[in-house]
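Participant: Here it is: the structure, laid out below.
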2 protein chains.
Amino acid sequence: MPQNHIRLDLVANIFKALGHPIRLGILEILGTREKCVCDIVSALQADTSNISKHLSVMKNAGILGDRKEGLKVYYRVIMPCALNFVDCAGKAALSAIEDRREALAG
Amino acid sequence: MPQNHIRLDLVANIFKALGHPIRLGILEILGTREKCVCDIVSALQADTSNISKHLSVMKNAGILGDRKEGLKVYYRVIMPCALNFVDCAGKAALSAIEDRREALAG
DNA sequence: ATACTATTTGACTAAATAGTCAAGTAGGAC
DNA sequence: GTCCTACTTGACTATTTAGTCAAATAGTAT
């Protein structure tokens with residue numbers, strides 16, 4: 001494959017976009033429904049411009065899509081497997097914590 | 001859940017560790033087998049200290065485990081679903097490229 | 001036109017990450 | 001002990017990313 005590094009860059013970009021706790025929080029809030037920016041902001045009690053930038057990171061990575069209706073912009077997950085990732089990584093993280101606890105307990 | 005942000009930080013850390021093309025390359029080289037650092041370095045034709053640092057990022061995130069045998073250190077994937085992620089994100093990235101191509105073609 | 005709301009963008013600083021090279025550690029051979 | 005190989009770490013610079021605040025944009029209402 002000649003453009004292997006292009007492919008890896010794209011995939012890396014997806015994971016980079018998932019690699020921030022606020023963005024994971026956004027993903028959990030969205031789930032399978034669309035939400036406007038204002039809903040996300042109030043759910044996370046965060047700064048609007050900050051959330052807006054996180055949303056655009058995920059949109060650029062191809063994880064989210066958006067739609068404008070009146071004054072509001074609605075975002076939704078358009079890469080369904082991203083939700084699976086978070087789920088599975090969450091379990092992996094938890095079991096890693098468990099393993100560490102067991103290791104410390106001996 | 002009181003320690004929600006701790007959980008999200010851990011998960012974010014996993015994705016951050018996947019969010020680099022070289023680290024994805026390492027993951028593809030490893031697959032389900034263990035390889036020594038020297039094998040990875042020669043497969044990727046990269047700098048040893050650079051690869052060593054990428055390996056430790058993935059190890060700290062809980063994605064890789066390692067084992068020393070003589071002079072060599074063998075790394076392996078200990079978070080199997082990470083391999084699925086890469087696979088699925090790769091397909092998602094490809095279909096995003098397709099969509100863009102179609103959109104441009106009209 | 002003004003005023004108001006929802007969202008994005010620009011400018012900036014602070015912090016994290018990546019790459020490189022030199023130096024350090026650890027194990028094996030002699 | 002010395003030397004060599006495999007790997008890791010430290011120091012450093014360059015680049016990227018994150019957060020914040022002010023300003024800009026876009027739509028609605030009056």
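Labels for the structure tokens follow display order: chains A, B, ..., residues from 1 in each chain, ligands from 1.
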As a PyMOL selection string, could you give me every residue of chain B near chain C (at most 10 Å apart, counting only C-alpha atoms (C1' of nucleotides))?
Facilitator: chain B and resi 20+47+49-50+53-54+69-72
Participant: Using only C-alpha atoms (C1' of nucleotides), determine which residues lie at most 12 Å from segment 33-35 of chain A, disregarding the query and same-chain residues fewer than 6 positions distant; provide the list as a ChimeraX atom specification.
Facilitator: /A:26-27,41-43,55,64-69,72-78,80,83
Participant: Within 9 Å of chain A, which residues belong to chain B? Use only C-alpha atoms and report them as a PyMOL selection string.
Facilitator: chain B and resi 5-25+61-62+79+81-82+84-86+88-94+96
Participant: Can you tell me, as a CSV table (one decimal) with C-alpha atoms, in the first residue's frame, which residues in chain B count as alpha helix (DSSP H) by DSSP?
Facilitator:
```csv
chain,number,residue,atom,x,y,z
B,4,ASN,CA,-16.2,10.0,36.5
B,5,HIS,CA,-13.4,12.3,35.4
B,6,ILE,CA,-10.8,9.8,36.5
B,7,ARG,CA,-12.5,7.2,34.4
B,8,LEU,CA,-12.6,9.6,31.4
B,9,ASP,CA,-9.0,10.5,31.9
B,10,LEU,CA,-8.0,6.8,31.8
B,11,VAL,CA,-10.0,6.2,28.7
B,12,ALA,CA,-8.7,9.4,27.1
B,13,ASN,CA,-5.2,8.2,27.8
B,14,ILE,CA,-5.9,5.0,25.9
B,15,PHE,CA,-7.0,6.9,22.9
B,16,LYS,CA,-4.2,9.4,23.1
B,17,ALA,CA,-1.8,6.5,23.1
B,18,LEU,CA,-3.5,5.3,19.9
B,21,PRO,CA,0.7,7.0,13.2
B,22,ILE,CA,3.9,5.4,14.4
B,23,ARG,CA,2.1,3.9,17.4
B,24,LEU,CA,-0.6,2.5,15.1
B,25,GLY,CA,2.2,1.1,12.9
B,26,ILE,CA,3.6,-0.6,16.0
B,27,LEU,CA,0.2,-2.0,16.8
B,28,GLU,CA,-0.1,-3.4,13.3
B,29,ILE,CA,3.3,-5.0,13.4
B,30,LEU,CA,2.6,-6.6,16.8
B,37,VAL,CA,12.1,-3.6,20.0
B,38,CYS,CA,14.7,-4.4,17.4
B,39,ASP,CA,12.1,-6.1,15.2
B,40,ILE,CA,9.8,-3.1,15.4
B,41,VAL,CA,12.6,-0.7,14.7
B,42,SER,CA,13.7,-2.5,11.6
B,43,ALA,CA,10.2,-3.0,10.4
B,44,LEU,CA,9.4,0.7,10.7
B,48,THR,CA,15.4,3.2,18.3
B,49,SER,CA,15.0,5.8,21.0
B,50,ASN,CA,11.9,7.2,19.3
B,51,ILE,CA,10.3,3.8,19.0
B,52,SER,CA,11.2,3.0,22.6
B,53,LYS,CA,9.4,6.1,23.8
B,54,HIS,CA,6.3,5.3,21.7
B,55,LEU,CA,6.3,1.8,23.2
B,56,SER,CA,6.4,3.2,26.7
B,57,VAL,CA,3.5,5.5,25.9
B,58,MET,CA,1.4,2.5,24.9
B,59,LYS,CA,2.6,0.5,27.9
B,60,ASN,CA,1.7,3.2,30.3
B,80,PRO,CA,-7.0,-7.0,22.5
B,81,CYS,CA,-9.9,-4.6,21.7
B,82,ALA,CA,-7.3,-2.0,20.7
B,83,LEU,CA,-6.6,-4.1,17.6
B,84,ASN,CA,-10.4,-4.0,16.8
B,85,PHE,CA,-10.4,-0.2,17.2
B,86,VAL,CA,-7.7,0.3,14.7
B,87,ASP,CA,-9.4,-2.1,12.3
B,88,CYS,CA,-12.7,-0.3,12.6
B,89,ALA,CA,-11.3,3.2,12.6
B,90,GLY,CA,-9.4,2.3,9.5
B,91,LYS,CA,-12.6,1.3,7.7
B,92,ALA,CA,-14.4,4.4,9.0
B,93,ALA,CA,-11.5,6.5,7.7
B,94,LEU,CA,-11.6,4.9,4.3
B,95,SER,CA,-15.4,5.4,4.0
B,96,ALA,CA,-15.0,9.0,5.0
B,97,ILE,CA,-12.5,9.4,2.2
B,98,GLU,CA,-15.0,7.7,-0.2
B,99,ASP,CA,-17.8,10.0,0.9
B,100,ARG,CA,-15.6,13.0,0.3
B,101,ARG,CA,-14.6,11.8,-3.1
B,102,GLU,CA,-18.3,11.3,-4.0
B,103,ALA,CA,-19.2,14.7,-2.7
B,104,LEU,CA,-16.5,16.3,-4.8
B,105,ALA,CA,-17.4,14.3,-7.8
```
Participant: Would you work out the distance separating atom CA of Cys36 of chain B from atom C1' of DT5 of chain D, expressed in Å to one decimal?
Facilitator: 13.4 Å
